[in-house]
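Visitor: Supplied in structure tokens, the structure appears directly below.
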Amino acid sequence: MARLNIFPDATFEGLDKIKQVSLVDFGSLFFDGQSLWTKELHEQFHSAFVDNFDETKGASFLEKYKRQVGDQPKPVIRLAAELLFTQQFFTSLSGPKKKIENVKEVLSWCGDDSLPSWIEPAVQKGLAGDQSFNQHRPFHIAWLNEFMLHWHGLDQSRRKTLLNDPWAFADEVREMPFIHGAHQPMREAWLAMIFPKYFENISSRKHKKWITDAFLPKLGIQSTGHIDHDIYLIRKELEKEYGAGFPMYRAEIKAIWDPGADPVTAGEATSDEFEGWIERIKATRRLSGELSEKRQYAEQSRQVLDQVREDKEGWVPALEEAMRYDNPFLESWQTSGKFIKWCKSQPQAARRAIVELVSDGDLAKRCDAFEIALQQLPGAKAARAVTTTSLASFLLLASNSREHFFYRPKYWKRAYQLAGYSRLQPKPSLSQHYLFAREFLTQLIEASKQWESPLEDYLEAQVAVWALLKWEDPPDEFTSADWDALLAFRDAGAGKTKGNHAAAASVQAEEVEEVDEEEAELSGLADKLLIPEEFLDKLRRLIADKRQLIFYGPPGTGKTYIAQHFAGALAGDTSRVELVQFHPSYTYEDFFEGYRPSNQNGNITYELLPGPLKRLAKRADDDPANPYVLVIDEINRGNLSKILGELYFLLEYREKKIALQYGGGQFGLPKNLWIIGTMNTADRSIALIDAALRRRFYFVEFFPDRAPIEGLLRRWIKQHEPEMAWVADAVDFTNSKLNSRHLSIGPSHFMKDGLTEDWVQMIWDHAVIPYIEEHFFGEPDQVEQFRLDRVKKALAAQAVTNEQTAENKADAVDHTQ
């Protein structure tokens, strides 16, 4: 069996070094010519560290480690550094920079300040993301030292036998008695570090058992009676399907062996990993920057809240501005809009409700009173606990940004799932929503006291959780492997019911927590469109910020279809959505306003009439509590300078008004009027859109090789016409041959009910080929390779080649055994 191919050679070279030094020549990892892994030095370390075990809270690991070994002779301190390095080597939850910093800190206690060159590449990628390697580091190091004393107690012939028999070595490792707890992950990791070709990078005995329970009967393998040997045989069999060196934690494989049937233990395991990721995120510069921004926003909100408390004139518009659509703390702008409308119509009643919520006293009672007060909201039926909790959390956070946090329900639900936290009871109240989340953060903050850099308060804890759920690209401190591991953890937890958290068992429930109207709308739309809900939420945040979006990409990628449905979800009612299409003859008069001929008693006169933008703007201005959306299809086909005129200015400065070309007067674009444009890059490149317009819009790409369109056709076919899966292969193959993202064939050509081979042939002949001919005009030989029969033959040949390559790889692997 080949070693895991997801790790670089430097990782395995480091493991070889550890094995040689610790178990064979008893030399040194860092200092050539030194003998540090000797029985005598391990005994001295035992006296200083194991016999002086420090489990007190309030100090970091390195502070306690220094108290224990910092005054020892230089060789003992050097051994302490190498033991720490070995313990850290396995985990991917501490980055390479942190691992090296920790080791250098220990070496500095004896005046050393350098490490050999092989160290940095060796630790670039950890073997597994197990948080116990951070939380239980002292126990792990103690176990390593005690194993070395045990190893030195064996005679040389026995050690030689064990180094040549991985299964006997595992028995020796597991049979060694040890008095301190929490060492089991290090023991399992040690097997993978010493024999990486035979043992999985799995530190959980429970996971190993799940793997054997799932695959031994499935693959018809007779157990050897040794769990690791069984997994070795399972891997050899599975490599025939998944290729050499695949990870057991790959999503489709883990889905087979992870039963999800033991919620308590599954929840505990997930909780450790969740806290581990939060600890790593806490240490990043990006989190520090985002937290600073949130604190500034909270301070601005506090100033507004002071105006409310003091009943200063103008507090309602000040609060309205603070609760605008792009507020990072609020979940539902519909509820917020209703709340502001209530403040305007009943300012004193609204003010009393706010002041009571943010006063001193029992928090649950204050939340309950606020929820009762909100029943006076216009359309109070929609002001449910799940949405009003977001509103209440904004006001509480403004009152004290250390003791409170922002609440966005769907992300809390995902956080609970990832952390193995219990569910809320059915239809919880506002206070139950908020206090449940607060207890969750309280326990997270308490756990962080064992970290080198604990969480400071509730807002920082919330921002870290938000980052774990929402970051779309890695922070500077993460390697690509770290980021892949985080995404795998995030994906594995999404949508799964986890176990009950012991401290929250009193509020267990099987039902899914209630969601607000907006979330349900986006979630349902994501299911309908077969695109991720996270993508729709990103669109929502972008349009709430600039109020203008453009979807761009080649034809057939669903830009207009998605724009119309997304606009309906944003507006909450399709009557608040209008569609126009630009074309070369479209003018300002068509779009905004202009004089039109009118027959008045037989006389032709000219009347100034509003266009679609002005009409929709009037409706939005009269109804500020609701968003209105204008969808402009083919926005780049019109002469934009001619069509938009002075509207260029208003797109960027919504708070301003300007004089109009016709009729005089002042006009401004309402803040709740949003615009979504679509443009085909095959028709005209985005680069040709002038800079003035580009900076006024956020641009969102729709390409077949990028999310959310990537794989869309395959998802649709799987759901509607599974026997036609080859069509997705044909489209992907054709796009790869076209070798231009802007010329790609979009999936919507084939997303038709009742799709058959005849239909595919007709679509290909009368839509795909004419499109390709247009781009290869005058080059008929180029077009021929894209005929459907030629594409099918090329796919068949490619399948044969892939099969032969897989067989060759398998043969090569067998020869290495």
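Identifiers for the structure tokens are assigned positionally: chains receive A, B, ... in sequence, residues are indexed from 1 per chain, and ligands are indexed from 1 in the order shown.
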DSSP on the backbone: which residues in stretch 523-635 of chain A end up as helix (DSSP H, G or I)? Give the answer as a ChimeraX atom specification.
Guide: /A:523-529,533-546,559-571,574-576,588-591,612-622,635
Visitor: Please identify all polymer residues within 8 Å of A:Leu669, counting only C-alpha atoms, omitting same-chain residues fewer than 4 positions from it, and present them as number ranges by chain.
Guide: A: 617, 650-651, 654-655, 657, 673
Visitor: Write out the residues from the selection above, keeping C-alpha atoms, as a PDB file, in the first residue's frame.
Guide:
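Below you can see selection_33.pdb, which holds the result:
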```pdb
ATOM      1  CA  ALA A 617     -38.666  54.642  -8.228  1.00  0.00           C
ATOM      2  CA  LEU A 650     -27.424  58.821  -8.681  1.00  0.00           C
ATOM      3  CA  LEU A 651     -26.343  55.192  -8.869  1.00  0.00           C
ATOM      4  CA  ARG A 654     -28.369  57.619  -3.429  1.00  0.00           C
ATOM      5  CA  GLU A 655     -28.683  60.291  -0.738  1.00  0.00           C
ATOM      6  CA  LYS A 657     -30.835  64.604  -5.785  1.00  0.00           C
ATOM      7  CA  LEU A 673     -34.665  50.485  -5.250  1.00  0.00           C
TER       8      LEU A 673
END
```
Visitor: Would you pick out the contacts of stretch 771-776 of chain A at 12 Å or less, using only C-alpha atoms, so that residues sharing its chain but fewer than 4 positions from it are not included, and give the list as a compact mmCIF listing (two decimals) with N, CA and C atoms, in the first residue's frame?
Guide:
```
# COMPACT_ATOMS: atom_id res chain seq x y z
N PRO A 554 -21.06 33.81 -20.34
CA PRO A 554 -21.49 33.42 -21.68
C PRO A 554 -22.98 33.09 -21.70
N PRO A 555 -23.57 32.99 -22.89
CA PRO A 555 -25.01 32.67 -22.99
C PRO A 555 -25.31 31.30 -22.39
N GLY A 556 -26.55 31.16 -21.92
CA GLY A 556 -27.00 29.86 -21.44
C GLY A 556 -26.56 29.51 -20.04
N ALA A 682 -19.93 36.90 -24.26
CA ALA A 682 -19.68 36.48 -25.65
C ALA A 682 -20.05 37.60 -26.61
N ASP A 683 -21.01 38.43 -26.20
CA ASP A 683 -21.43 39.55 -27.06
C ASP A 683 -20.46 40.72 -26.95
N THR A 734 -16.65 19.61 -24.44
CA THR A 734 -16.69 20.64 -25.48
C THR A 734 -16.12 21.95 -24.97
N ASN A 735 -16.48 22.31 -23.74
CA ASN A 735 -15.96 23.56 -23.17
C ASN A 735 -14.45 23.51 -23.00
N LYS A 737 -12.43 21.92 -24.90
CA LYS A 737 -11.85 22.06 -26.22
C LYS A 737 -11.97 23.49 -26.76
N LEU A 738 -13.05 24.16 -26.42
CA LEU A 738 -13.20 25.55 -26.83
C LEU A 738 -12.13 26.43 -26.19
N SER A 740 -12.00 28.62 -23.91
CA SER A 740 -12.27 30.03 -23.62
C SER A 740 -13.50 30.11 -22.74
N HIS A 742 -15.28 32.58 -22.06
CA HIS A 742 -16.31 33.44 -22.63
C HIS A 742 -17.05 32.80 -23.79
N LEU A 743 -16.52 31.70 -24.31
CA LEU A 743 -17.18 30.98 -25.40
C LEU A 743 -17.86 29.71 -24.91
N SER A 744 -17.87 29.47 -23.64
CA SER A 744 -18.35 28.20 -23.09
C SER A 744 -19.84 27.98 -23.41
N ILE A 745 -20.20 26.70 -23.49
CA ILE A 745 -21.59 26.31 -23.69
C ILE A 745 -22.26 26.30 -22.32
N GLY A 746 -23.32 27.06 -22.15
CA GLY A 746 -24.02 27.13 -20.86
C GLY A 746 -24.93 25.94 -20.65
N HIS A 749 -29.14 25.30 -22.00
CA HIS A 749 -29.59 24.72 -23.28
C HIS A 749 -30.27 23.37 -23.07
N ILE A 763 -30.86 20.02 -30.10
CA ILE A 763 -30.32 21.21 -29.42
C ILE A 763 -28.88 21.44 -29.87
N TRP A 764 -28.14 20.34 -29.97
CA TRP A 764 -26.73 20.44 -30.36
C TRP A 764 -26.60 20.99 -31.80
N ASP A 765 -27.44 20.46 -32.69
CA ASP A 765 -27.35 20.85 -34.09
C ASP A 765 -27.84 22.28 -34.32
N HIS A 766 -28.85 22.72 -33.56
CA HIS A 766 -29.51 23.98 -33.88
C HIS A 766 -29.24 25.09 -32.86
N ALA A 767 -28.47 24.81 -31.82
CA ALA A 767 -28.10 25.86 -30.86
C ALA A 767 -26.60 25.87 -30.61
N PRO A 780 -14.35 26.00 -41.17
CA PRO A 780 -15.26 24.84 -41.02
C PRO A 780 -14.59 23.61 -40.43
N ASP A 781 -13.29 23.42 -40.68
CA ASP A 781 -12.60 22.26 -40.12
C ASP A 781 -12.59 22.32 -38.59
N GLN A 782 -12.48 23.52 -38.05
CA GLN A 782 -12.50 23.68 -36.59
C GLN A 782 -13.84 23.26 -36.02
N VAL A 783 -14.90 23.58 -36.74
CA VAL A 783 -16.26 23.30 -36.23
C VAL A 783 -16.53 21.80 -36.18
N GLU A 784 -15.97 21.05 -37.14
CA GLU A 784 -16.31 19.63 -37.26
C GLU A 784 -16.01 18.85 -35.98
N GLN A 785 -14.94 19.22 -35.28
CA GLN A 785 -14.57 18.47 -34.06
C GLN A 785 -15.62 18.60 -32.96
N PHE A 786 -16.54 19.57 -33.13
CA PHE A 786 -17.54 19.80 -32.08
C PHE A 786 -18.90 19.18 -32.42
N ARG A 787 -18.99 18.47 -33.56
CA ARG A 787 -20.22 17.75 -33.86
C ARG A 787 -20.46 16.71 -32.76
```
Visitor: Which residues are close to A:Lys618, i.e. within 12 Å by only C-alpha atoms, leaving aside same-chain residues fewer than 2 positions away? Reply as a PyMOL selection string.
Guide: chain A and resi 576+592+610-616+620-624+628+667-673
Visitor: Pick from A:Arg280, A:Lys470, A:Lys17, A:Lys642: nearest to A:Trp451, with only C-alpha atoms counted?
Guide: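 The answer is A:Arg280, which sits nearest to A:Trp451.
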Visitor: If you count only C-alpha atoms, which residues fall within 8 Å of stretch 208-210 of chain A, apart from same-chain ones fewer than 4 positions away, as a PyMOL selection string?
Guide: chain A and resi 202+204+214+227-228+231+257-259
Visitor: Dump C-alpha atoms for the selected residues as a compact mmCIF listing (two decimals), in the first residue's frame?
Guide:
```txt
# COMPACT_ATOMS: atom_id res chain seq x y z
CA ILE A 202 -6.46 8.77 12.36
CA SER A 204 -9.60 8.41 17.01
CA ALA A 214 -18.72 -0.42 7.90
CA ILE A 227 -8.08 -3.19 13.99
CA ASP A 228 -5.22 -1.42 12.17
CA ILE A 231 -8.04 -1.09 8.00
CA TRP A 257 -18.30 4.70 7.56
CA ASP A 258 -19.55 7.57 9.77
CA PRO A 259 -22.85 6.22 11.12
```
Visitor: Compile the contact shell of A:Leu755 as a list in words: residues with an atom at most 8 Å away, counting only C-alpha atoms, same-chain residues fewer than 4 positions apart removed.
Guide: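 Surrounding residues, per the criterion: Glu721, Met724, Phe750, Met751, Trp759 and Val760 of chain A.
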Visitor: I need the chosen residues saved as an mmCIF file, in the first residue's frame, with all heavy atoms.
Guide:
```cif
data_model
loop_
_atom_site.group_PDB
_atom_site.id
_atom_site.type_symbol
_atom_site.label_atom_id
_atom_site.label_comp_id
_atom_site.auth_asym_id
_atom_site.auth_seq_id
_atom_site.Cartn_x
_atom_site.Cartn_y
_atom_site.Cartn_z
ATOM 1 N N GLU A 721 -33.266 13.789 -15.084
ATOM 2 C CA GLU A 721 -33.076 12.795 -16.150
ATOM 3 C C GLU A 721 -31.766 12.037 -15.907
ATOM 4 O O GLU A 721 -30.798 12.168 -16.657
ATOM 5 C CB GLU A 721 -33.026 13.483 -17.525
ATOM 6 C CG GLU A 721 -34.208 14.376 -17.853
ATOM 7 C CD GLU A 721 -35.496 13.597 -18.105
ATOM 8 O OE1 GLU A 721 -35.399 12.355 -18.281
ATOM 9 O OE2 GLU A 721 -36.570 14.207 -18.131
ATOM 10 N N MET A 724 -29.383 10.481 -18.489
ATOM 11 C CA MET A 724 -28.756 11.348 -19.489
ATOM 12 C C MET A 724 -27.474 11.990 -18.952
ATOM 13 O O MET A 724 -27.052 13.049 -19.429
ATOM 14 C CB MET A 724 -29.734 12.435 -19.935
ATOM 15 C CG MET A 724 -31.031 11.910 -20.534
ATOM 16 S SD MET A 724 -30.749 11.014 -22.075
ATOM 17 C CE MET A 724 -30.276 12.361 -23.154
ATOM 18 N N PHE A 750 -29.769 22.606 -22.075
ATOM 19 C CA PHE A 750 -30.204 21.215 -21.932
ATOM 20 C C PHE A 750 -31.072 20.980 -20.697
ATOM 21 O O PHE A 750 -31.467 19.852 -20.442
ATOM 22 C CB PHE A 750 -28.970 20.298 -21.864
ATOM 23 C CG PHE A 750 -28.074 20.437 -23.056
ATOM 24 C CD1 PHE A 750 -26.973 21.277 -23.027
ATOM 25 C CD2 PHE A 750 -28.359 19.745 -24.222
ATOM 26 C CE1 PHE A 750 -26.156 21.420 -24.132
ATOM 27 C CE2 PHE A 750 -27.540 19.870 -25.335
ATOM 28 C CZ PHE A 750 -26.446 20.717 -25.300
ATOM 29 N N MET A 751 -31.370 22.018 -19.961
ATOM 30 C CA MET A 751 -32.174 21.851 -18.742
ATOM 31 C C MET A 751 -33.652 21.933 -19.107
ATOM 32 O O MET A 751 -34.354 22.907 -18.810
ATOM 33 C CB MET A 751 -31.767 22.896 -17.703
ATOM 34 C CG MET A 751 -30.348 22.684 -17.198
ATOM 35 S SD MET A 751 -29.668 24.031 -16.209
ATOM 36 C CE MET A 751 -30.736 24.000 -14.773
ATOM 37 N N TRP A 759 -33.668 14.891 -28.428
ATOM 38 C CA TRP A 759 -33.711 16.300 -28.064
ATOM 39 C C TRP A 759 -32.299 16.863 -27.982
ATOM 40 O O TRP A 759 -32.009 17.973 -28.443
ATOM 41 C CB TRP A 759 -34.418 16.480 -26.715
ATOM 42 C CG TRP A 759 -35.763 17.143 -26.799
ATOM 43 C CD1 TRP A 759 -36.964 16.621 -26.416
ATOM 44 C CD2 TRP A 759 -36.045 18.454 -27.298
ATOM 45 N NE1 TRP A 759 -37.972 17.511 -26.650
ATOM 46 C CE2 TRP A 759 -37.429 18.660 -27.194
ATOM 47 C CE3 TRP A 759 -35.266 19.471 -27.847
ATOM 48 C CZ2 TRP A 759 -38.057 19.834 -27.587
ATOM 49 C CZ3 TRP A 759 -35.893 20.649 -28.241
ATOM 50 C CH2 TRP A 759 -37.255 20.819 -28.118
ATOM 51 N N VAL A 760 -31.393 16.124 -27.368
ATOM 52 C CA VAL A 760 -30.005 16.579 -27.247
ATOM 53 C C VAL A 760 -29.398 16.800 -28.621
ATOM 54 O O VAL A 760 -28.715 17.803 -28.875
ATOM 55 C CB VAL A 760 -29.169 15.568 -26.433
ATOM 56 C CG1 VAL A 760 -27.686 15.962 -26.461
ATOM 57 C CG2 VAL A 760 -29.668 15.486 -25.002
#
```
Visitor: Give me the residues within 8 Å of stretch 184-190 of chain A as a PyMOL selection string, counting only C-alpha atoms and dropping any in the same chain fewer than 5 places off.
Guide: chain A and resi 87+90+132-133+140+143-144+173-174+201-205
Visitor: Considering only strand (DSSP E) as DSSP defines it on the backbone, what residues of stretch 564-774 of chain A qualify? List them as a PDB file with N, CA and C atoms, in the first residue's frame.
Guide:
```pdb
ATOM      1  N   VAL A 577     -41.111  43.809  -8.658  1.00  0.00           N
ATOM      2  CA  VAL A 577     -39.996  43.553  -9.575  1.00  0.00           C
ATOM      3  C   VAL A 577     -40.417  43.957 -10.984  1.00  0.00           C
ATOM      4  N   GLU A 578     -39.539  44.628 -11.710  1.00  0.00           N
ATOM      5  CA  GLU A 578     -39.820  44.973 -13.102  1.00  0.00           C
ATOM      6  C   GLU A 578     -38.607  44.583 -13.956  1.00  0.00           C
ATOM      7  N   LEU A 579     -38.888  44.094 -15.173  1.00  0.00           N
ATOM      8  CA  LEU A 579     -37.840  43.654 -16.100  1.00  0.00           C
ATOM      9  C   LEU A 579     -37.852  44.534 -17.344  1.00  0.00           C
ATOM     10  N   VAL A 580     -36.669  44.993 -17.740  1.00  0.00           N
ATOM     11  CA  VAL A 580     -36.512  45.684 -19.018  1.00  0.00           C
ATOM     12  C   VAL A 580     -35.318  45.054 -19.730  1.00  0.00           C
ATOM     13  N   GLN A 581     -35.283  45.239 -21.054  1.00  0.00           N
ATOM     14  CA  GLN A 581     -34.138  44.712 -21.817  1.00  0.00           C
ATOM     15  C   GLN A 581     -33.558  45.845 -22.663  1.00  0.00           C
ATOM     16  N   GLU A 593     -37.504  58.924 -18.633  1.00  0.00           N
ATOM     17  CA  GLU A 593     -38.682  59.711 -18.974  1.00  0.00           C
ATOM     18  C   GLU A 593     -38.421  60.466 -20.276  1.00  0.00           C
ATOM     19  N   GLY A 594     -39.489  60.743 -20.996  1.00  0.00           N
ATOM     20  CA  GLY A 594     -39.363  61.485 -22.245  1.00  0.00           C
ATOM     21  C   GLY A 594     -40.724  61.867 -22.788  1.00  0.00           C
ATOM     22  N   TYR A 595     -40.711  62.722 -23.773  1.00  0.00           N
ATOM     23  CA  TYR A 595     -41.957  63.185 -24.381  1.00  0.00           C
ATOM     24  C   TYR A 595     -42.449  62.163 -25.394  1.00  0.00           C
ATOM     25  N   ARG A 596     -43.772  61.875 -25.287  1.00  0.00           N
ATOM     26  CA  ARG A 596     -44.400  60.920 -26.177  1.00  0.00           C
ATOM     27  C   ARG A 596     -45.609  61.579 -26.850  1.00  0.00           C
ATOM     28  N   PRO A 597     -45.845  61.251 -28.124  1.00  0.00           N
ATOM     29  CA  PRO A 597     -47.017  61.835 -28.791  1.00  0.00           C
ATOM     30  C   PRO A 597     -48.314  61.341 -28.177  1.00  0.00           C
ATOM     31  N   SER A 598     -49.291  62.270 -28.133  1.00  0.00           N
ATOM     32  CA  SER A 598     -50.589  61.924 -27.552  1.00  0.00           C
ATOM     33  C   SER A 598     -51.677  62.595 -28.376  1.00  0.00           C
ATOM     34  N   ASN A 599     -52.760  61.899 -28.637  1.00  0.00           N
ATOM     35  CA  ASN A 599     -53.879  62.430 -29.413  1.00  0.00           C
ATOM     36  C   ASN A 599     -54.899  63.033 -28.452  1.00  0.00           C
ATOM     37  N   GLN A 600     -55.001  64.364 -28.466  1.00  0.00           N
ATOM     38  CA  GLN A 600     -55.950  65.070 -27.613  1.00  0.00           C
ATOM     39  C   GLN A 600     -57.012  65.718 -28.503  1.00  0.00           C
ATOM     40  N   ASN A 603     -55.899  66.399 -31.924  1.00  0.00           N
ATOM     41  CA  ASN A 603     -54.662  67.169 -32.030  1.00  0.00           C
ATOM     42  C   ASN A 603     -53.501  66.367 -31.450  1.00  0.00           C
ATOM     43  N   ILE A 604     -52.423  66.346 -32.142  1.00  0.00           N
ATOM     44  CA  ILE A 604     -51.232  65.632 -31.665  1.00  0.00           C
ATOM     45  C   ILE A 604     -50.448  66.555 -30.733  1.00  0.00           C
ATOM     46  N   THR A 605     -50.295  66.122 -29.501  1.00  0.00           N
ATOM     47  CA  THR A 605     -49.485  66.858 -28.531  1.00  0.00           C
ATOM     48  C   THR A 605     -48.422  65.922 -27.983  1.00  0.00           C
ATOM     49  N   TYR A 606     -47.495  66.491 -27.234  1.00  0.00           N
ATOM     50  CA  TYR A 606     -46.429  65.678 -26.640  1.00  0.00           C
ATOM     51  C   TYR A 606     -46.531  65.754 -25.113  1.00  0.00           C
ATOM     52  N   GLU A 607     -46.511  64.579 -24.530  1.00  0.00           N
ATOM     53  CA  GLU A 607     -46.696  64.482 -23.079  1.00  0.00           C
ATOM     54  C   GLU A 607     -45.447  63.861 -22.452  1.00  0.00           C
ATOM     55  N   LEU A 608     -44.997  64.440 -21.317  1.00  0.00           N
ATOM     56  CA  LEU A 608     -43.833  63.887 -20.611  1.00  0.00           C
ATOM     57  C   LEU A 608     -44.280  62.672 -19.801  1.00  0.00           C
ATOM     58  N   LEU A 609     -43.780  61.509 -20.185  1.00  0.00           N
ATOM     59  CA  LEU A 609     -44.205  60.261 -19.547  1.00  0.00           C
ATOM     60  C   LEU A 609     -43.018  59.572 -18.874  1.00  0.00           C
ATOM     61  N   PRO A 610     -43.269  58.970 -17.707  1.00  0.00           N
ATOM     62  CA  PRO A 610     -42.185  58.256 -17.022  1.00  0.00           C
ATOM     63  C   PRO A 610     -41.898  56.917 -17.689  1.00  0.00           C
ATOM     64  N   TYR A 628     -37.560  47.205  -3.793  1.00  0.00           N
ATOM     65  CA  TYR A 628     -38.044  47.088  -5.166  1.00  0.00           C
ATOM     66  C   TYR A 628     -36.832  46.794  -6.044  1.00  0.00           C
ATOM     67  N   VAL A 629     -37.023  45.966  -7.057  1.00  0.00           N
ATOM     68  CA  VAL A 629     -35.883  45.527  -7.859  1.00  0.00           C
ATOM     69  C   VAL A 629     -36.194  45.710  -9.345  1.00  0.00           C
ATOM     70  N   LEU A 630     -35.266  46.346 -10.043  1.00  0.00           N
ATOM     71  CA  LEU A 630     -35.334  46.478 -11.496  1.00  0.00           C
ATOM     72  C   LEU A 630     -34.286  45.550 -12.106  1.00  0.00           C
ATOM     73  N   VAL A 631     -34.730  44.626 -12.948  1.00  0.00           N
ATOM     74  CA  VAL A 631     -33.818  43.721 -13.647  1.00  0.00           C
ATOM     75  C   VAL A 631     -33.621  44.250 -15.063  1.00  0.00           C
ATOM     76  N   ILE A 632     -32.358  44.524 -15.416  1.00  0.00           N
ATOM     77  CA  ILE A 632     -32.023  45.010 -16.760  1.00  0.00           C
ATOM     78  C   ILE A 632     -31.300  43.898 -17.502  1.00  0.00           C
ATOM     79  N   ASP A 633     -32.023  43.276 -18.425  1.00  0.00           N
ATOM     80  CA  ASP A 633     -31.423  42.190 -19.199  1.00  0.00           C
ATOM     81  C   ASP A 633     -30.580  42.770 -20.339  1.00  0.00           C
ATOM     82  N   ILE A 658     -30.651  65.362  -8.087  1.00  0.00           N
ATOM     83  CA  ILE A 658     -30.132  66.208  -9.154  1.00  0.00           C
ATOM     84  C   ILE A 658     -31.282  66.654 -10.046  1.00  0.00           C
ATOM     85  N   ALA A 659     -31.019  67.720 -10.842  1.00  0.00           N
ATOM     86  CA  ALA A 659     -32.016  68.206 -11.784  1.00  0.00           C
ATOM     87  C   ALA A 659     -32.121  67.261 -12.974  1.00  0.00           C
ATOM     88  N   GLN A 666     -36.190  68.097  -8.966  1.00  0.00           N
ATOM     89  CA  GLN A 666     -35.092  67.300  -8.437  1.00  0.00           C
ATOM     90  C   GLN A 666     -35.521  65.842  -8.330  1.00  0.00           C
ATOM     91  N   PHE A 667     -34.572  64.949  -8.566  1.00  0.00           N
ATOM     92  CA  PHE A 667     -34.880  63.520  -8.491  1.00  0.00           C
ATOM     93  C   PHE A 667     -33.722  62.780  -7.828  1.00  0.00           C
ATOM     94  N   LEU A 673     -34.558  50.920  -3.858  1.00  0.00           N
ATOM     95  CA  LEU A 673     -34.665  50.485  -5.250  1.00  0.00           C
ATOM     96  C   LEU A 673     -33.325  49.916  -5.688  1.00  0.00           C
ATOM     97  N   TRP A 674     -33.328  48.638  -6.007  1.00  0.00           N
ATOM     98  CA  TRP A 674     -32.096  47.948  -6.363  1.00  0.00           C
ATOM     99  C   TRP A 674     -32.135  47.526  -7.825  1.00  0.00           C
ATOM    100  N   ILE A 675     -30.961  47.387  -8.408  1.00  0.00           N
ATOM    101  CA  ILE A 675     -30.850  47.089  -9.838  1.00  0.00           C
ATOM    102  C   ILE A 675     -29.958  45.871 -10.046  1.00  0.00           C
ATOM    103  N   ILE A 676     -30.450  44.931 -10.853  1.00  0.00           N
ATOM    104  CA  ILE A 676     -29.661  43.768 -11.253  1.00  0.00           C
ATOM    105  C   ILE A 676     -29.577  43.764 -12.771  1.00  0.00           C
ATOM    106  N   GLY A 677     -28.368  43.826 -13.303  1.00  0.00           N
ATOM    107  CA  GLY A 677     -28.169  43.761 -14.746  1.00  0.00           C
ATOM    108  C   GLY A 677     -27.565  42.432 -15.144  1.00  0.00           C
ATOM    109  N   THR A 678     -27.791  42.030 -16.387  1.00  0.00           N
ATOM    110  CA  THR A 678     -27.137  40.833 -16.924  1.00  0.00           C
ATOM    111  C   THR A 678     -26.416  41.212 -18.207  1.00  0.00           C
ATOM    112  N   MET A 679     -25.293  40.561 -18.454  1.00  0.00           N
ATOM    113  CA  MET A 679     -24.585  40.814 -19.704  1.00  0.00           C
ATOM    114  C   MET A 679     -23.886  39.553 -20.184  1.00  0.00           C
ATOM    115  N   ASN A 680     -23.960  39.318 -21.496  1.00  0.00           N
ATOM    116  CA  ASN A 680     -23.283  38.188 -22.126  1.00  0.00           C
ATOM    117  C   ASN A 680     -21.880  38.609 -22.530  1.00  0.00           C
ATOM    118  N   TYR A 698     -21.426  45.911  -8.351  1.00  0.00           N
ATOM    119  CA  TYR A 698     -20.663  44.701  -8.069  1.00  0.00           C
ATOM    120  C   TYR A 698     -20.898  43.748  -9.247  1.00  0.00           C
ATOM    121  N   PHE A 699     -19.843  43.089  -9.702  1.00  0.00           N
ATOM    122  CA  PHE A 699     -19.933  42.168 -10.824  1.00  0.00           C
ATOM    123  C   PHE A 699     -19.797  40.729 -10.319  1.00  0.00           C
ATOM    124  N   VAL A 700     -20.719  39.891 -10.725  1.00  0.00           N
ATOM    125  CA  VAL A 700     -20.750  38.491 -10.283  1.00  0.00           C
ATOM    126  C   VAL A 700     -20.664  37.607 -11.519  1.00  0.00           C
ATOM    127  N   GLU A 701     -19.653  36.735 -11.558  1.00  0.00           N
ATOM    128  CA  GLU A 701     -19.426  35.916 -12.753  1.00  0.00           C
ATOM    129  C   GLU A 701     -20.324  34.690 -12.785  1.00  0.00           C
TER     130      GLU A 701
END
```
Visitor: Kindly indicate which residue among A:Ala392, A:Ala467, A:Ala485, A:Ile18 lies nearest to A:Phe339, using only C-alpha atoms for the distances.
Guide: A:Ala392
Visitor: Do you have the atom CA of A:Asp360-atom CA of A:Phe405 distance handy?
Guide: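 Taking atom CA of A:Asp360 as the start and atom CA of A:Phe405 as the end point, the length is 16.7 Å.
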Visitor: By how many Å are atom CA of A:Leu396 and atom CA of A:Leu435 apart?
Guide: 12.2 Å
Visitor: Could you tell me how far atom CA of A:Arg351 sits from atom CA of A:Glu313, in Å to one decimal place?
Guide: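 So the two atoms, atom CA of A:Glu313 and atom CA of A:Arg351, lie 12.2 Å apart.
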Visitor: Using only C-alpha atoms, find the one residue out of A:Asp484, A:Arg696, A:His42, A:Pro177 that sits nearest to A:Ser92.
Guide: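 Smallest distance to A:Ser92 is found for A:Asp484.
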